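One file, coords-v3.txt, carrying compact mmCIF, C-alpha atoms and all ligand atoms:
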# COMPACT_ATOMS: atom_id res chain seq x y z
CA MET B 994 0.85 -18.42 4.20
CA LEU B 995 3.92 -18.79 6.36
CA THR B 996 2.44 -21.78 8.13
CA ARG B 997 1.81 -23.54 4.84
CA ARG B 998 5.36 -22.93 3.60
CA ALA B 999 6.79 -24.26 6.83
CA ALA B 1000 4.72 -27.40 6.50
CA LEU B 1001 5.76 -27.84 2.86
CA ALA B 1002 9.42 -27.46 3.78
CA GLY B 1003 9.00 -30.34 6.20
CA VAL B 1004 7.58 -32.53 3.47
CA LEU B 1005 10.32 -31.70 0.99
CA VAL B 1006 13.08 -32.48 3.47
CA LEU B 1007 11.66 -35.96 3.81
CA SER B 1008 11.48 -36.74 0.13
CA ILE B 1009 15.23 -36.35 -0.51
CA PRO B 1010 15.95 -39.81 -1.96
CA VAL B 1011 14.47 -38.96 -5.35
CA ALA B 1012 17.69 -39.88 -7.17
CA HIS B 1013 16.87 -43.58 -7.14
CA GLU B 1014 13.14 -43.26 -7.41
CA GLY B 1015 11.84 -45.15 -10.40
CA ALA B 1016 15.40 -46.24 -11.24
CA ALA B 1017 14.10 -49.72 -11.85
CA GLY B 1018 10.73 -50.40 -13.45
CA ALA B 1019 8.70 -53.57 -13.30
CA GLU B 1020 10.75 -56.72 -13.76
CA ASP B 1021 9.15 -60.03 -14.62
CA LEU B 1022 11.15 -61.96 -12.07
CA VAL B 1023 12.98 -60.55 -9.05
CA ALA B 1024 14.87 -62.36 -6.30
CA ILE B 1025 15.28 -60.27 -3.15
CA ARG B 1026 18.06 -61.47 -0.85
CA ALA B 1027 16.94 -60.60 2.68
CA GLY B 1028 19.39 -60.57 5.60
CA ARG B 1029 16.33 -60.66 7.81
CA LEU B 1030 12.75 -61.28 6.72
CA VAL B 1031 9.79 -60.47 8.96
CA ASP B 1032 6.96 -63.02 8.99
CA VAL B 1033 4.15 -60.93 10.51
CA GLU B 1034 1.71 -63.85 10.41
CA LYS B 1035 3.85 -65.91 12.78
CA GLY B 1036 5.44 -62.93 14.51
CA GLU B 1037 8.99 -64.06 13.80
CA VAL B 1038 12.11 -62.85 12.01
CA ARG B 1039 13.97 -65.33 9.78
CA ARG B 1040 17.61 -64.90 8.74
CA ASP B 1041 19.02 -65.25 5.25
CA GLN B 1042 15.93 -65.69 3.08
CA VAL B 1043 15.19 -65.06 -0.60
CA LEU B 1044 11.86 -63.60 -1.70
CA ILE B 1045 10.93 -64.53 -5.26
CA VAL B 1046 8.64 -62.01 -6.99
CA ARG B 1047 7.04 -62.79 -10.34
CA GLY B 1048 5.06 -59.99 -11.98
CA GLU B 1049 3.08 -58.21 -9.29
CA LYS B 1050 2.96 -61.11 -6.83
CA ILE B 1051 5.15 -63.00 -4.42
CA GLU B 1052 5.86 -66.45 -5.84
CA ALA B 1053 7.94 -68.06 -3.11
CA ILE B 1054 10.07 -67.53 -0.02
CA GLN B 1055 13.09 -69.79 0.17
CA PRO B 1056 16.25 -70.20 2.27
CA GLY B 1057 19.26 -68.20 1.10
CA SER B 1058 21.08 -71.44 0.21
CA ALA B 1059 18.47 -72.49 -2.41
CA SER B 1060 19.20 -71.62 -6.02
CA VAL B 1061 17.64 -68.51 -7.50
CA PRO B 1062 15.48 -69.12 -10.63
CA ALA B 1063 17.26 -68.49 -13.93
CA GLY B 1064 16.75 -65.03 -15.38
CA ALA B 1065 15.80 -63.39 -12.07
CA LYS B 1066 17.04 -59.87 -11.36
CA VAL B 1067 18.75 -60.17 -7.96
CA VAL B 1068 18.31 -57.38 -5.41
CA ASP B 1069 20.81 -57.70 -2.59
CA LEU B 1070 19.24 -56.60 0.70
CA SER B 1071 21.41 -58.87 2.86
CA ARG B 1072 22.28 -55.93 5.15
CA TYR B 1073 18.58 -55.11 5.59
CA THR B 1074 15.40 -56.27 7.26
CA VAL B 1075 12.74 -57.01 4.64
CA LEU B 1076 9.09 -56.51 5.58
CA PRO B 1077 5.65 -56.22 3.97
CA GLY B 1078 4.77 -52.69 2.81
CA LEU B 1079 3.40 -50.63 5.67
CA ILE B 1080 -0.27 -49.64 5.88
CA ASP B 1081 -1.67 -46.46 7.47
CA CYS B 1082 -5.41 -46.76 8.25
CA HIS B 1083 -5.91 -43.05 8.93
CA THR B 1084 -4.60 -40.56 6.37
CA HIS B 1085 -5.94 -37.49 4.56
CA LEU B 1086 -3.91 -37.35 1.33
CA VAL B 1087 -6.01 -34.76 -0.50
CA GLY B 1088 -5.18 -31.07 -0.12
CA ASP B 1089 -2.79 -29.28 2.18
CA ILE B 1090 -1.74 -29.86 5.79
CA GLN B 1091 -4.68 -29.07 8.11
CA SER B 1092 -3.49 -26.06 10.02
CA ALA B 1093 -5.03 -22.71 9.35
CA GLY B 1094 -8.43 -23.44 10.86
CA ALA B 1095 -11.95 -22.94 9.57
CA THR B 1096 -11.25 -21.51 6.13
CA ALA B 1097 -8.35 -23.81 5.19
CA PRO B 1098 -10.44 -26.25 3.10
CA LEU B 1099 -11.75 -23.28 1.06
CA GLU B 1100 -8.36 -21.90 0.04
CA HIS B 1101 -7.72 -24.24 -2.89
CA SER B 1102 -9.62 -25.28 -5.98
CA ALA B 1103 -10.43 -28.96 -6.44
CA ALA B 1104 -7.62 -29.15 -9.02
CA GLN B 1105 -5.10 -27.71 -6.54
CA ASP B 1106 -6.29 -30.17 -3.90
CA ALA B 1107 -5.76 -33.00 -6.38
CA PHE B 1108 -2.20 -31.95 -7.25
CA LEU B 1109 -1.34 -31.54 -3.58
CA GLY B 1110 -2.81 -35.01 -3.12
CA ALA B 1111 -0.52 -36.36 -5.85
CA ARG B 1112 2.50 -34.93 -4.01
CA ASN B 1113 1.30 -36.33 -0.69
CA ALA B 1114 0.64 -39.75 -2.22
CA ARG B 1115 4.17 -39.91 -3.63
CA ASP B 1116 5.74 -38.88 -0.30
CA THR B 1117 3.67 -41.53 1.49
CA LEU B 1118 4.70 -44.33 -0.86
CA LEU B 1119 8.39 -43.37 -0.79
CA ALA B 1120 8.22 -43.49 3.02
CA GLY B 1121 7.37 -47.19 2.81
CA PHE B 1122 3.58 -46.95 3.14
CA THR B 1123 2.32 -48.94 0.17
CA THR B 1124 -1.34 -48.82 1.26
CA VAL B 1125 -3.51 -46.26 3.04
CA ARG B 1126 -7.08 -46.11 4.21
CA ASP B 1127 -7.83 -42.45 3.49
CA VAL B 1128 -10.51 -41.37 5.93
CA GLY B 1129 -12.10 -38.38 4.29
CA THR B 1130 -11.87 -35.04 2.56
CA TYR B 1131 -13.90 -31.86 2.88
CA ARG B 1132 -14.25 -31.62 -0.89
CA LEU B 1133 -16.16 -34.55 -2.31
CA PHE B 1134 -14.61 -37.23 -4.54
CA VAL B 1135 -11.11 -35.76 -5.08
CA ASP B 1136 -9.82 -38.82 -3.19
CA VAL B 1137 -11.67 -41.11 -5.61
CA ALA B 1138 -9.88 -39.46 -8.54
CA LEU B 1139 -6.53 -39.71 -6.73
CA ARG B 1140 -7.06 -43.42 -5.98
CA ASP B 1141 -8.01 -44.11 -9.60
CA ALA B 1142 -5.04 -42.13 -11.00
CA ILE B 1143 -2.69 -44.21 -8.82
CA ASN B 1144 -4.35 -47.47 -9.84
CA GLU B 1145 -4.12 -46.51 -13.52
CA GLY B 1146 -0.40 -45.75 -13.13
CA THR B 1147 -0.80 -42.06 -13.97
CA ILE B 1148 0.88 -41.01 -10.73
CA LEU B 1149 2.98 -42.65 -8.03
CA GLY B 1150 1.25 -43.41 -4.74
CA PRO B 1151 0.02 -46.04 -2.30
CA ARG B 1152 -3.00 -48.27 -2.83
CA MET B 1153 -5.91 -46.30 -1.42
CA ALA B 1154 -9.20 -47.24 0.20
CA VAL B 1155 -11.20 -43.99 0.29
CA ALA B 1156 -14.09 -42.63 2.35
CA THR B 1157 -14.85 -39.64 0.06
CA THR B 1158 -16.33 -37.23 2.63
CA TYR B 1159 -17.38 -37.53 6.28
CA ILE B 1160 -20.94 -38.36 7.21
CA THR B 1161 -21.62 -35.75 9.88
CA ARG B 1162 -24.55 -34.00 11.47
CA SER B 1163 -25.02 -30.28 10.74
CA ALA B 1164 -22.34 -28.24 12.54
CA GLY B 1165 -20.78 -31.54 13.64
CA ALA B 1166 -17.17 -32.70 13.61
CA GLY B 1167 -17.09 -33.27 9.84
CA ASP B 1168 -19.00 -30.16 8.79
CA LEU B 1169 -17.25 -26.91 7.85
CA THR B 1170 -17.84 -24.94 11.04
CA GLY B 1171 -16.58 -21.54 12.11
CA LEU B 1172 -17.69 -19.80 8.89
CA PRO B 1173 -20.13 -16.88 8.67
CA PRO B 1174 -23.62 -18.35 9.22
CA ASP B 1175 -25.05 -16.89 6.01
CA LEU B 1176 -22.29 -18.26 3.77
CA VAL B 1177 -23.66 -20.75 1.23
CA LEU B 1178 -21.08 -23.34 0.21
CA PRO B 1179 -21.14 -25.43 -2.98
CA LYS B 1180 -22.85 -28.79 -2.45
CA ASP B 1181 -19.62 -30.79 -2.63
CA PHE B 1182 -18.39 -29.23 0.62
CA ARG B 1183 -21.45 -30.44 2.56
CA ALA B 1184 -22.29 -33.66 0.75
CA GLY B 1185 -21.92 -35.73 3.92
CA VAL B 1186 -24.27 -33.76 6.17
CA ALA B 1187 -27.18 -35.84 7.52
CA ASN B 1188 -29.63 -35.23 10.36
CA SER B 1189 -31.63 -38.43 10.69
CA ALA B 1190 -31.18 -42.17 10.17
CA ALA B 1191 -32.97 -41.85 6.81
CA GLU B 1192 -30.58 -39.09 5.69
CA VAL B 1193 -27.61 -41.13 6.86
CA ARG B 1194 -28.78 -44.01 4.64
CA GLN B 1195 -29.18 -41.64 1.71
CA ARG B 1196 -25.65 -40.21 2.19
CA VAL B 1197 -24.19 -43.73 2.39
CA ARG B 1198 -25.79 -44.63 -0.95
CA GLU B 1199 -24.62 -41.41 -2.60
CA LEU B 1200 -21.04 -41.70 -1.38
CA ILE B 1201 -20.69 -45.36 -2.37
CA ASN B 1202 -22.27 -44.61 -5.74
CA GLY B 1203 -19.64 -41.89 -6.19
CA GLY B 1204 -16.75 -44.26 -5.49
CA ALA B 1205 -16.32 -44.60 -1.71
CA ASP B 1206 -14.73 -47.89 -0.63
CA PHE B 1207 -15.98 -47.48 2.93
CA ILE B 1208 -17.86 -44.95 5.08
CA LYS B 1209 -16.52 -42.64 7.80
CA ILE B 1210 -19.12 -41.41 10.29
CA MET B 1211 -18.61 -38.83 13.02
CA ALA B 1212 -19.74 -40.21 16.40
CA THR B 1213 -18.39 -37.31 18.50
CA GLY B 1214 -16.98 -33.80 18.24
CA ALA B 1215 -13.41 -33.23 17.06
CA VAL B 1216 -10.12 -31.66 18.12
CA LEU B 1217 -9.39 -29.81 14.87
CA ALA B 1218 -12.84 -28.33 14.31
CA ARG B 1219 -14.60 -25.26 15.68
CA GLY B 1220 -17.59 -25.26 17.98
CA ASN B 1221 -17.75 -28.91 19.02
CA GLU B 1222 -16.12 -30.93 21.80
CA PRO B 1223 -14.29 -34.27 21.43
CA GLY B 1224 -16.14 -35.73 24.43
CA ALA B 1225 -19.61 -34.83 23.14
CA VAL B 1226 -21.90 -37.35 21.44
CA GLU B 1227 -23.01 -36.43 17.90
CA PHE B 1228 -24.74 -39.22 15.91
CA SER B 1229 -26.87 -41.64 17.96
CA GLU B 1230 -26.42 -45.40 17.99
CA GLU B 1231 -29.54 -45.73 15.83
CA GLU B 1232 -28.21 -43.30 13.21
CA MET B 1233 -24.86 -45.10 13.05
CA ARG B 1234 -26.58 -48.48 12.82
CA ALA B 1235 -28.40 -47.13 9.76
CA ALA B 1236 -24.98 -46.37 8.21
CA VAL B 1237 -23.62 -49.83 9.04
CA GLU B 1238 -26.69 -51.59 7.61
CA GLU B 1239 -26.82 -49.50 4.45
CA ALA B 1240 -23.07 -49.82 3.80
CA ALA B 1241 -23.26 -53.60 4.32
CA ARG B 1242 -25.71 -53.83 1.42
CA PHE B 1243 -22.84 -52.69 -0.79
CA GLY B 1244 -20.25 -54.84 0.98
CA ALA B 1245 -18.72 -51.71 2.53
CA ARG B 1246 -17.50 -51.14 6.08
CA VAL B 1247 -18.04 -48.17 8.38
CA THR B 1248 -15.46 -46.58 10.62
CA ALA B 1249 -16.37 -44.06 13.32
CA HIS B 1250 -14.49 -40.95 14.35
CA ALA B 1251 -15.01 -41.13 18.14
CA HIS B 1252 -13.11 -39.43 20.97
CA GLY B 1253 -15.55 -39.55 23.91
CA ALA B 1254 -16.43 -42.79 25.71
CA GLU B 1255 -20.20 -42.57 25.10
CA GLY B 1256 -19.68 -41.93 21.40
CA ILE B 1257 -17.28 -44.87 21.18
CA LYS B 1258 -19.82 -47.17 22.83
CA ASN B 1259 -22.66 -45.95 20.58
CA ALA B 1260 -20.53 -46.66 17.50
CA VAL B 1261 -19.36 -50.08 18.68
CA ARG B 1262 -22.92 -51.14 19.52
CA ALA B 1263 -24.00 -49.89 16.10
CA GLY B 1264 -21.54 -52.38 14.60
CA VAL B 1265 -18.77 -50.24 13.13
CA GLN B 1266 -15.56 -51.92 11.96
CA SER B 1267 -13.23 -49.56 13.81
CA ILE B 1268 -12.91 -46.59 16.13
CA GLU B 1269 -10.71 -43.67 15.02
CA HIS B 1270 -8.86 -41.74 17.78
CA GLY B 1271 -10.54 -43.29 20.86
CA SER B 1272 -9.00 -40.51 22.95
CA LEU B 1273 -11.29 -40.55 25.99
CA ILE B 1274 -12.01 -44.29 26.01
CA ASP B 1275 -13.11 -45.85 29.33
CA ASP B 1276 -12.99 -49.41 30.72
CA GLU B 1277 -16.52 -50.20 29.58
CA ALA B 1278 -15.74 -49.09 26.01
CA ILE B 1279 -12.53 -51.16 26.04
CA ALA B 1280 -14.46 -54.24 27.19
CA LEU B 1281 -17.10 -53.68 24.51
CA MET B 1282 -14.50 -53.32 21.74
CA LYS B 1283 -12.73 -56.46 22.91
CA GLU B 1284 -16.02 -58.38 22.95
CA ARG B 1285 -17.10 -57.18 19.49
CA GLY B 1286 -13.67 -57.41 17.85
CA THR B 1287 -13.74 -53.71 16.95
CA TYR B 1288 -10.40 -52.27 15.84
CA LEU B 1289 -8.86 -49.26 17.58
CA VAL B 1290 -7.05 -46.85 15.22
CA ALA B 1291 -5.44 -44.40 17.64
CA ASP B 1292 -3.26 -41.58 16.27
CA ILE B 1293 -0.99 -41.35 19.31
CA TYR B 1294 1.90 -39.47 17.65
CA ASN B 1295 0.37 -36.28 16.27
CA GLY B 1296 -0.58 -34.71 19.63
CA ASP B 1297 3.11 -33.84 20.03
CA TYR B 1298 3.23 -32.30 16.55
CA ILE B 1299 0.18 -30.11 17.23
CA ALA B 1300 1.49 -29.08 20.67
CA THR B 1301 4.84 -27.95 19.22
CA VAL B 1302 4.57 -27.07 15.52
CA GLY B 1303 0.85 -26.21 15.70
CA LYS B 1304 1.48 -23.93 18.65
CA ALA B 1305 4.49 -22.28 16.99
CA GLN B 1306 2.45 -21.70 13.82
CA GLY B 1307 -0.39 -20.12 15.77
CA TRP B 1308 -3.12 -22.73 15.20
CA PRO B 1309 -6.45 -21.67 16.78
CA GLU B 1310 -6.46 -21.65 20.61
CA GLU B 1311 -9.51 -23.91 20.62
CA TYR B 1312 -7.61 -26.61 18.67
CA LEU B 1313 -4.58 -26.38 20.96
CA ARG B 1314 -6.73 -26.62 24.10
CA LYS B 1315 -8.60 -29.69 22.85
CA ASN B 1316 -5.32 -31.26 21.75
CA ASP B 1317 -3.91 -30.78 25.25
CA GLU B 1318 -7.05 -32.31 26.75
CA THR B 1319 -6.85 -35.45 24.61
CA THR B 1320 -3.16 -36.23 23.94
CA ASP B 1321 -2.12 -37.91 27.18
CA ALA B 1322 -5.59 -39.33 27.85
CA GLN B 1323 -5.47 -41.02 24.44
CA ARG B 1324 -2.06 -42.56 25.11
CA GLN B 1325 -3.13 -43.90 28.51
CA GLY B 1326 -6.34 -45.27 26.97
CA PHE B 1327 -4.30 -46.89 24.19
CA ARG B 1328 -2.09 -48.58 26.77
CA LYS B 1329 -5.16 -49.98 28.58
CA ALA B 1330 -6.74 -51.15 25.32
CA VAL B 1331 -3.53 -52.96 24.31
CA ALA B 1332 -3.35 -54.62 27.75
CA ALA B 1333 -6.98 -55.72 27.44
CA GLY B 1334 -6.32 -57.32 24.04
CA VAL B 1335 -8.30 -54.90 21.85
CA LYS B 1336 -7.36 -55.27 18.16
CA ILE B 1337 -5.03 -52.47 17.11
CA ALA B 1338 -4.58 -51.19 13.53
CA TYR B 1339 -2.02 -48.54 12.65
CA GLY B 1340 -3.40 -45.09 11.83
CA THR B 1341 -1.71 -41.73 12.20
CA ASP B 1342 -3.89 -38.86 10.89
CA ALA B 1343 -1.19 -37.90 8.37
CA GLY B 1344 -2.42 -34.65 6.89
CA VAL B 1345 -2.55 -33.11 10.36
CA TYR B 1346 1.28 -33.41 10.21
CA PRO B 1347 3.38 -33.75 7.01
CA HIS B 1348 2.84 -36.76 4.74
CA GLY B 1349 5.76 -39.17 4.63
CA TRP B 1350 6.28 -38.95 8.39
CA ASN B 1351 3.79 -41.80 8.89
CA ALA B 1352 6.34 -44.12 10.57
CA ARG B 1353 7.02 -41.69 13.41
CA GLN B 1354 4.17 -43.26 15.38
CA LEU B 1355 5.76 -46.73 15.49
CA PRO B 1356 8.06 -46.05 18.49
CA TYR B 1357 5.15 -44.35 20.31
CA MET B 1358 3.14 -47.55 20.05
CA VAL B 1359 5.97 -49.44 21.72
CA ARG B 1360 6.26 -46.76 24.42
CA TYR B 1361 2.54 -47.23 25.14
CA GLY B 1362 2.37 -50.99 25.39
CA LEU B 1363 2.91 -52.88 22.13
CA THR B 1364 5.97 -55.01 21.47
CA PRO B 1365 8.06 -53.94 18.44
CA MET B 1366 6.62 -56.94 16.53
CA GLY B 1367 3.12 -55.96 17.71
CA ALA B 1368 3.59 -52.44 16.34
CA ILE B 1369 4.79 -53.82 12.98
CA GLN B 1370 1.85 -56.24 12.89
CA ALA B 1371 -0.54 -53.34 13.58
CA ALA B 1372 0.91 -51.58 10.51
CA THR B 1373 0.77 -54.66 8.26
CA ARG B 1374 -1.33 -57.74 9.04
CA GLU B 1375 -3.85 -56.02 11.33
CA ALA B 1376 -4.21 -52.93 9.13
CA ALA B 1377 -4.90 -55.19 6.10
CA ARG B 1378 -7.55 -57.07 8.09
CA ASN B 1379 -9.12 -53.81 9.23
CA ILE B 1380 -9.49 -52.68 5.60
CA GLY B 1381 -10.60 -56.16 4.47
CA TRP B 1382 -7.67 -56.65 2.09
CA GLU B 1383 -5.89 -59.42 4.03
CA ASP B 1384 -6.35 -61.83 1.11
CA ARG B 1385 -3.89 -59.74 -0.97
CA LEU B 1386 -1.86 -57.62 1.43
CA GLY B 1387 -0.42 -57.33 4.92
CA SER B 1388 2.21 -60.10 4.91
CA LEU B 1389 4.94 -61.64 2.79
CA ALA B 1390 3.44 -64.89 1.51
CA PRO B 1391 3.19 -66.68 -1.84
CA GLY B 1392 0.20 -65.41 -3.83
CA LYS B 1393 0.08 -62.00 -2.15
CA LEU B 1394 0.85 -58.75 -3.92
CA ALA B 1395 4.56 -57.94 -3.80
CA ASP B 1396 4.43 -54.83 -1.61
CA VAL B 1397 7.83 -55.00 0.06
CA ILE B 1398 10.03 -52.59 2.02
CA ALA B 1399 13.44 -52.83 3.66
CA VAL B 1400 15.01 -51.07 6.63
CA GLU B 1401 18.73 -51.10 7.39
CA GLY B 1402 20.10 -53.58 9.95
CA ASP B 1403 17.87 -55.21 12.55
CA ALA B 1404 14.74 -53.09 12.08
CA LEU B 1405 12.91 -54.34 15.17
CA GLU B 1406 15.74 -53.25 17.46
CA ASP B 1407 14.77 -49.59 17.07
CA LEU B 1408 11.54 -48.63 15.31
CA SER B 1409 12.71 -45.04 14.85
CA ARG B 1410 14.75 -46.46 11.92
CA PHE B 1411 11.50 -46.69 9.95
CA ALA B 1412 11.69 -42.90 9.57
CA SER B 1413 13.97 -43.70 6.65
CA VAL B 1414 12.94 -46.59 4.42
CA PRO B 1415 15.52 -47.05 1.63
CA PHE B 1416 13.77 -49.78 -0.40
CA VAL B 1417 10.17 -49.76 -1.56
CA MET B 1418 8.50 -52.16 -3.98
CA LYS B 1419 4.81 -51.89 -4.82
CA GLY B 1420 3.11 -54.65 -6.79
CA GLY B 1421 6.46 -56.01 -7.98
CA ARG B 1422 7.70 -52.63 -9.17
CA ILE B 1423 10.72 -51.15 -7.39
CA VAL B 1424 9.94 -47.48 -6.72
CA LYS B 1425 12.93 -46.76 -4.47
CA GLN B 1426 16.17 -48.61 -3.71
CA PRO B 1427 19.43 -48.02 -1.85
ZN ZN B 1501 -8.38 -37.66 10.58

Kindly present the structure from the file in structure tokens form.
Ligand SMILES: [Zn+2]
Amino acid sequence: MLTRRAALAGVLVLSIPVAHEGAAGAEDLVAIRAGRLVDVEKGEVRRDQVLIVRGEKIEAIQPGSASVPAGAKVVDLSRYTVLPGLIDCHTHLVGDIQSAGATAPLEHSAAQDAFLGARNARDTLLAGFTTVRDVGTYRLFVDVALRDAINEGTILGPRMAVATTYITRSAGAGDLTGLPPDLVLPKDFRAGVANSAAEVRQRVRELINGGADFIKIMATGAVLARGNEPGAVEFSEEEMRAAVEEAARFGARVTAHAHGAEGIKNAVRAGVQSIEHGSLIDDEAIALMKERGTYLVADIYNGDYIATVGKAQGWPEEYLRKNDETTDAQRQGFRKAVAAGVKIAYGTDAGVYPHGWNARQLPYMVRYGLTPMGAIQAATREAARNIGWEDRLGSLAPGKLADVIAVEGDALEDLSRFASVPFVMKGGRIVKQP
């Protein structure tokens, strides 16, 4: 219990600026004066601009000298850098921080998981992440309910694309391993288990029917799971191709959890949209991803969290060992992938570490090869493309949804400033302001 309280304390510390939250509701017409405005499509920063927001969309971007439309509520962010809302392509909003090992997913009811999810969603949005691709839960469909509650305006949170549960082989990276072998779990804890291409197809249909926006499939073993190794292949290329084909019939994409090089290559050849983690990637896998246009979503921050906080909290030895074996390798692989021109989308595995800390990975991505603008693009334009929502999100442009954040001063000078985002607008509604 101590570990959970410590993790919660971390979350609460980060959600201090509640005083202004919701201070302003939806306005019909807002003019945001931006000292600096980041155009992630062109990769440039423009000085002294005004962003006109009407209803939930961006109407225009004009020079600061142009007149503001009559009746507009003016928000003065002339001391700030204004950017599109950030997007994290790898979160787990439902339930508590993953820490205690095998039995952790069994310690809460579905209702408790949902309320924890509501808290996590709020912390994520107030940290400037207006959209997430939530890549799976152990308990089926709680993420679907969370997404829908946010969309209906019942609770505050980011736009969510959800995977529901993981498609995994028995005792694989997405199964609940490490439990007594004779323990029979309710169906919704093992709804993603499949052991043939035909079963994979069946799971894809069931998950999409239940509300999944996309599919997450486990190509290799995992770091934070018992009894399997990150480097080991799990599903075959044929089984993952079955997932890709079946999901495509519903217009849905597939992303693959893959640490080991063989598993990455199997998934890329099977046609997945993106590779999660990519920790033990090799040159051949990098070349293949570049050729196929497969996105890499590498969570290169949280290895430090696990090695320090996880160790201090007494996470299982097996998790700590596998974390040590993958952390630096992943960062070196990331650097090579960036140099080779592999598409990079921002994803952090928030849920392994406290929600709302999502921006802590931005400076790591610069340390391992991206430019500051490249890191911002990975968390906006590229992340929107990876989800398939680039028609509505990912940049500040007329016609797009008004998901807007601001960071003090010249934000690109030091990406650690994104740890505190004082202004957040989602769909034209100001949810936080200085
Ligand atoms: Zn994850």

Could you build a table of the residues in chain B lying no more than 10 Å from ligand ZN 1501 (chain B), giving for each the nearest pair of atoms and their separation in Å rounded to one decimal place, using all atoms listed in the file, ordered by chain and ascending residue number, as JSON lines?
{"residue": "B:Cys1082", "atom": "CA", "partner": "B:ZN1501", "partner_atom": "ZN", "distance": 9.9}
{"residue": "B:His1083", "atom": "CA", "partner": "B:ZN1501", "partner_atom": "ZN", "distance": 6.2}
{"residue": "B:Thr1084", "atom": "CA", "partner": "B:ZN1501", "partner_atom": "ZN", "distance": 6.4}
{"residue": "B:His1085", "atom": "CA", "partner": "B:ZN1501", "partner_atom": "ZN", "distance": 6.5}
{"residue": "B:Gln1091", "atom": "CA", "partner": "B:ZN1501", "partner_atom": "ZN", "distance": 9.7}
{"residue": "B:Asp1127", "atom": "CA", "partner": "B:ZN1501", "partner_atom": "ZN", "distance": 8.6}
{"residue": "B:Val1128", "atom": "CA", "partner": "B:ZN1501", "partner_atom": "ZN", "distance": 6.3}
{"residue": "B:Gly1129", "atom": "CA", "partner": "B:ZN1501", "partner_atom": "ZN", "distance": 7.3}
{"residue": "B:Thr1130", "atom": "CA", "partner": "B:ZN1501", "partner_atom": "ZN", "distance": 9.1}
{"residue": "B:Tyr1159", "atom": "CA", "partner": "B:ZN1501", "partner_atom": "ZN", "distance": 10.0}
{"residue": "B:Gly1167", "atom": "CA", "partner": "B:ZN1501", "partner_atom": "ZN", "distance": 9.8}
{"residue": "B:Lys1209", "atom": "CA", "partner": "B:ZN1501", "partner_atom": "ZN", "distance": 9.9}
{"residue": "B:Ala1215", "atom": "CA", "partner": "B:ZN1501", "partner_atom": "ZN", "distance": 9.3}
{"residue": "B:Val1216", "atom": "CA", "partner": "B:ZN1501", "partner_atom": "ZN", "distance": 9.8}
{"residue": "B:Leu1217", "atom": "CA", "partner": "B:ZN1501", "partner_atom": "ZN", "distance": 9.0}
{"residue": "B:His1250", "atom": "CA", "partner": "B:ZN1501", "partner_atom": "ZN", "distance": 7.9}
{"residue": "B:Glu1269", "atom": "CA", "partner": "B:ZN1501", "partner_atom": "ZN", "distance": 7.8}
{"residue": "B:His1270", "atom": "CA", "partner": "B:ZN1501", "partner_atom": "ZN", "distance": 8.3}
{"residue": "B:Asp1292", "atom": "CA", "partner": "B:ZN1501", "partner_atom": "ZN", "distance": 8.6}
{"residue": "B:Gly1340", "atom": "CA", "partner": "B:ZN1501", "partner_atom": "ZN", "distance": 9.0}
{"residue": "B:Thr1341", "atom": "CA", "partner": "B:ZN1501", "partner_atom": "ZN", "distance": 8.0}
{"residue": "B:Asp1342", "atom": "CA", "partner": "B:ZN1501", "partner_atom": "ZN", "distance": 4.7}
{"residue": "B:Ala1343", "atom": "CA", "partner": "B:ZN1501", "partner_atom": "ZN", "distance": 7.5}
{"residue": "B:Gly1344", "atom": "CA", "partner": "B:ZN1501", "partner_atom": "ZN", "distance": 7.6}
{"residue": "B:Val1345", "atom": "CA", "partner": "B:ZN1501", "partner_atom": "ZN", "distance": 7.4}

Could you please take those selected residues and save C-alpha atoms as a short mmCIF file (atom, residue, chain, number, x, y, z; two decimals), keeping the file's coordinate frame?
data_model
loop_
_atom_site.label_atom_id
_atom_site.label_comp_id
_atom_site.auth_asym_id
_atom_site.auth_seq_id
_atom_site.Cartn_x
_atom_site.Cartn_y
_atom_site.Cartn_z
CA CYS B 1082 -5.41 -46.76 8.25
CA HIS B 1083 -5.91 -43.05 8.93
CA THR B 1084 -4.60 -40.56 6.37
CA HIS B 1085 -5.94 -37.49 4.56
CA GLN B 1091 -4.68 -29.07 8.11
CA ASP B 1127 -7.83 -42.45 3.49
CA VAL B 1128 -10.51 -41.37 5.93
CA GLY B 1129 -12.10 -38.38 4.29
CA THR B 1130 -11.87 -35.04 2.56
CA TYR B 1159 -17.38 -37.53 6.28
CA GLY B 1167 -17.09 -33.27 9.84
CA LYS B 1209 -16.52 -42.64 7.80
CA ALA B 1215 -13.41 -33.23 17.06
CA VAL B 1216 -10.12 -31.66 18.12
CA LEU B 1217 -9.39 -29.81 14.87
CA HIS B 1250 -14.49 -40.95 14.35
CA GLU B 1269 -10.71 -43.67 15.02
CA HIS B 1270 -8.86 -41.74 17.78
CA ASP B 1292 -3.26 -41.58 16.27
CA GLY B 1340 -3.40 -45.09 11.83
CA THR B 1341 -1.71 -41.73 12.20
CA ASP B 1342 -3.89 -38.86 10.89
CA ALA B 1343 -1.19 -37.90 8.37
CA GLY B 1344 -2.42 -34.65 6.89
CA VAL B 1345 -2.55 -33.11 10.36
#

Query raised in the report: When distances are computed from all atoms listed in the file, which of B:Arg1140, B:Lys1329, B:Arg1126, B:Arg1360 shows the smallest separation from Ser1267 (chain B)?
Result: B:Arg1126

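Comparing the minimum interatomic distances between Leu1030 (chain B) and each of B:Gly1303, B:Gly1402, B:Gly1256, B:Gly1326, counting only C-alpha atoms, we find that B:Gly1402 sits nearest.
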
**Report entry** Contacts of region 1071-1077 of chain B at 6 Å (all atoms listed in the file; same-chain gap of 5+ positions) as a PyMOL selection string
**Finding:** chain B and resi 1026-1031+1388-1389+1396-1404
